[in-house]
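A.B. asks: Before I ask anything, let me first share the structure, which is written out below as structure tokens.
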Amino acid sequence: MPLILASTSPIRRSMLEAAGVEHVAMSPDVDEDKVKQAHDSRSSCGASPALELAEAKALSLDHPGAFIIGSDSTLGVDGQLYSKPRDRDEAARHLAAFSGRTMILSSAVALARDGVVEWSLVDQARLTVRDLSPAFIDAYLDREWPAVAYCVGVFRMEGPGVMLFDAVEGSHFTILGLPLLPLLGALRARGLAV
């Protein structure tokens with residue numbers, strides 16, 4: 001039975017590939033901004049929007065009989081929900097706002113088949129950002145832009161983004177954007193992974 005990843009994220013795809021999970025990646029058809037705007041930015045620092053986005057992505061593709069994985073991440077700082085930066089200037093403003101604060105990163109995953117979400121989960125991580133000087137932010141973006149344009153939080157933990165943090169609490173996979181271990185359990189329960 002086919003397994004589809006409703007995501008354009010190369011890191012999510014590589015996590016599944018590294019785990020030996022055969023799948024096909026396809027672009028989901030979801031207006032992310034519309035889902036995020038429907039939520040009060042103070043609610044759960046983004047856990048609910050992350051789950052709604054993951055489920056919407058899993059349900060956005062119509063492939064009868066196929067299991068479809070949807071996943072998304074949201075990030076809250078001091079009760080404000082942040083999206084991916086629209087440009088480098090906004091990325092710099094986000095980083096300045098994160099400086100010395102704790103991010104709450106919510107990553108959700110959903111598994112759907114034939115228009116029904118069969119399983120879903122949201123997990124959170126806490127990332128304490130060190131104090132970031134304007135000079136550091138400029139140098140960081142010189143090195144990482146535009147690669148981090150597609151990253152909520154303006155960082156890639158698997159790259160120089162690790163330099164932004166003093167402390168990290170939570171699953172490495174959740175921080176990368178996919179609660180992989182619980183997903184693997186859900187896939188095994190359906191005969192889709194060994």
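We label chains A, B, ... in the order they appear in the structure tokens, count residues from 1 in each chain, and number ligands from 1 in the order shown.
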Can you pull out every residue within 10 Å of Ala186 in chain A, counting only C-alpha atoms, but drop anything in the same chain fewer than 6 positions away, and send it as a ChimeraX atom specification?
C.D. replies: /A:110-111,118-120,180,192-193
A.B. asks: Can you check which parts of range 77-166 of chain A lie within 7 Å of range 46-56 of chain A? Per residue, the shortest pair of atoms and distance in Å to one decimal, counting only C-alpha atoms, sorted by chain and number, as CSV.
C.D. replies:
residue,atom,partner,partner_atom,distance
A:Leu81,CA,A:Gly46,CA,6.2
A:Ser106,CA,A:Ala47,CA,5.3
A:Ser107,CA,A:Ala50,CA,6.2
A:Ala108,CA,A:Leu51,CA,5.0
A:Val109,CA,A:Ala54,CA,5.4
A:Ala110,CA,A:Glu55,CA,5.3
A:Val117,CA,A:Glu55,CA,6.8
A:Val122,CA,A:Leu51,CA,6.1
A.B. asks: Can you pull out every residue within 12 Å of range 6-12 of chain A, counting only C-alpha atoms, but drop anything in the same chain fewer than 2 positions away, and send it as a VMD selection string?
C.D. replies: chain A and resid 3 to 4 14 to 19 21 23 to 30 53 to 63 66 to 73 107 to 112 147 to 148 150 to 152 156 to 159 173 to 180 183
A.B. asks: How many Å separate CA of Gly65 in chain A from CA of Arg190 in chain A?
C.D. replies: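 We find that CA of Gly65 in chain A and CA of Arg190 in chain A lie 12.6 Å from each other.
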A.B. asks: Which one of A:Leu127, A:Gly185, A:Pro64, A:Gln80 sits closest to Arg113 in chain A if you count only C-alpha atoms?
C.D. replies: A:Pro64
A.B. asks: At a cut-off of 10 Å, using only C-alpha atoms, what residues contact range 92-94 of chain A? Leave out same-chain residues fewer than 6 positions from it and give the result as a PyMOL selection string.
C.D. replies: chain A and resi 77+82-85+134+137-138+140-141+152-154
A.B. asks: So that I can see what lies close to Arg130 in chain A, please list as an mmCIF file with N, CA and C atoms, in the first residue's frame the residues with an atom at most 6 Å from it, counting only C-alpha atoms and leaving out residues fewer than 5 positions away in the same chain.
C.D. replies:
data_model
loop_
_atom_site.group_PDB
_atom_site.id
_atom_site.type_symbol
_atom_site.label_atom_id
_atom_site.label_comp_id
_atom_site.auth_asym_id
_atom_site.auth_seq_id
_atom_site.Cartn_x
_atom_site.Cartn_y
_atom_site.Cartn_z
ATOM 1 N N SER A 99 15.888 36.812 20.676
ATOM 2 C CA SER A 99 17.101 36.953 21.469
ATOM 3 C C SER A 99 16.808 36.949 22.965
ATOM 4 N N GLY A 100 17.463 36.017 23.683
ATOM 5 C CA GLY A 100 17.322 35.931 25.135
ATOM 6 C C GLY A 100 16.001 35.362 25.608
ATOM 7 N N PHE A 165 21.393 28.838 20.281
ATOM 8 C CA PHE A 165 20.772 28.376 21.517
ATOM 9 C C PHE A 165 21.731 28.162 22.677
ATOM 10 N N ASP A 166 21.200 28.448 23.877
ATOM 11 C CA ASP A 166 21.885 28.109 25.124
ATOM 12 C C ASP A 166 21.426 26.760 25.655
#
A.B. asks: Can you measure CA of Ala149 in chain A to CA of Lys34 in chain A for me? One decimal in Å is fine.
C.D. replies: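 Result for CA of Ala149 in chain A versus CA of Lys34 in chain A: 19.4 Å, one decimal.
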A.B. asks: DSSP says strand (DSSP E) for which residues of chain A? Put them as a count of residues only?
C.D. replies: 52
A.B. asks: In terms of the shortest atom-to-atom distance over only C-alpha atoms, which of A:Ala96, A:Leu187, A:Leu75, A:Leu105 is closest to His172 in chain A?
C.D. replies: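 Among the listed residues, A:Leu105 lies closest to His172 in chain A.
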A.B. asks: Using DSSP on the backbone coordinates, identify the residues of range 43-181 of chain A assigned to alpha helix (DSSP H); present them as a PyMOL selection string.
C.D. replies: chain A and resi 47-59+88-98+134-144+172-176+180-181
A.B. asks: Would you mind exporting C-alpha atoms of the selected residues as a tab-separated table (two decimals), in the first residue's frame?
C.D. replies:
chain	number	residue	atom	x	y	z
A	47	ALA	CA	0.16	23.55	19.36
A	48	SER	CA	-3.38	23.64	18.00
A	49	PRO	CA	-2.49	25.35	14.68
A	50	ALA	CA	0.38	22.89	14.15
A	51	LEU	CA	-1.97	19.94	14.56
A	52	GLU	CA	-4.63	21.52	12.35
A	53	LEU	CA	-2.04	22.21	9.67
A	54	ALA	CA	-0.69	18.65	9.81
A	55	GLU	CA	-4.20	17.19	9.53
A	56	ALA	CA	-5.15	19.61	6.72
A	57	LYS	CA	-2.05	18.60	4.77
A	58	ALA	CA	-2.76	14.89	5.25
A	59	LEU	CA	-6.34	15.43	4.03
A	88	ARG	CA	15.70	38.68	5.07
A	89	ASP	CA	14.68	41.88	6.90
A	90	GLU	CA	11.81	40.08	8.59
A	91	ALA	CA	14.15	37.19	9.44
A	92	ALA	CA	16.46	39.67	11.19
A	93	ARG	CA	13.51	41.14	13.12
A	94	HIS	CA	12.41	37.65	14.17
A	95	LEU	CA	15.89	36.77	15.41
A	96	ALA	CA	16.10	40.03	17.35
A	97	ALA	CA	12.72	39.26	18.95
A	98	PHE	CA	13.87	35.72	19.87
A	134	PRO	CA	22.88	42.75	15.68
A	135	ALA	CA	26.36	41.91	14.32
A	136	PHE	CA	25.82	38.20	15.02
A	137	ILE	CA	22.37	38.28	13.36
A	138	ASP	CA	23.84	39.92	10.23
A	139	ALA	CA	26.72	37.45	10.02
A	140	TYR	CA	24.37	34.51	10.66
A	141	LEU	CA	21.98	35.61	7.89
A	142	ASP	CA	24.92	36.23	5.53
A	143	ARG	CA	25.77	32.58	5.99
A	144	GLU	CA	22.28	31.03	6.21
A	172	HIS	CA	15.58	16.19	18.18
A	173	PHE	CA	13.11	14.94	15.56
A	174	THR	CA	10.39	17.27	16.84
A	175	ILE	CA	12.82	20.18	16.54
A	176	LEU	CA	13.59	19.13	12.96
A	180	LEU	CA	9.46	10.69	13.98
A	181	LEU	CA	9.44	8.03	16.71
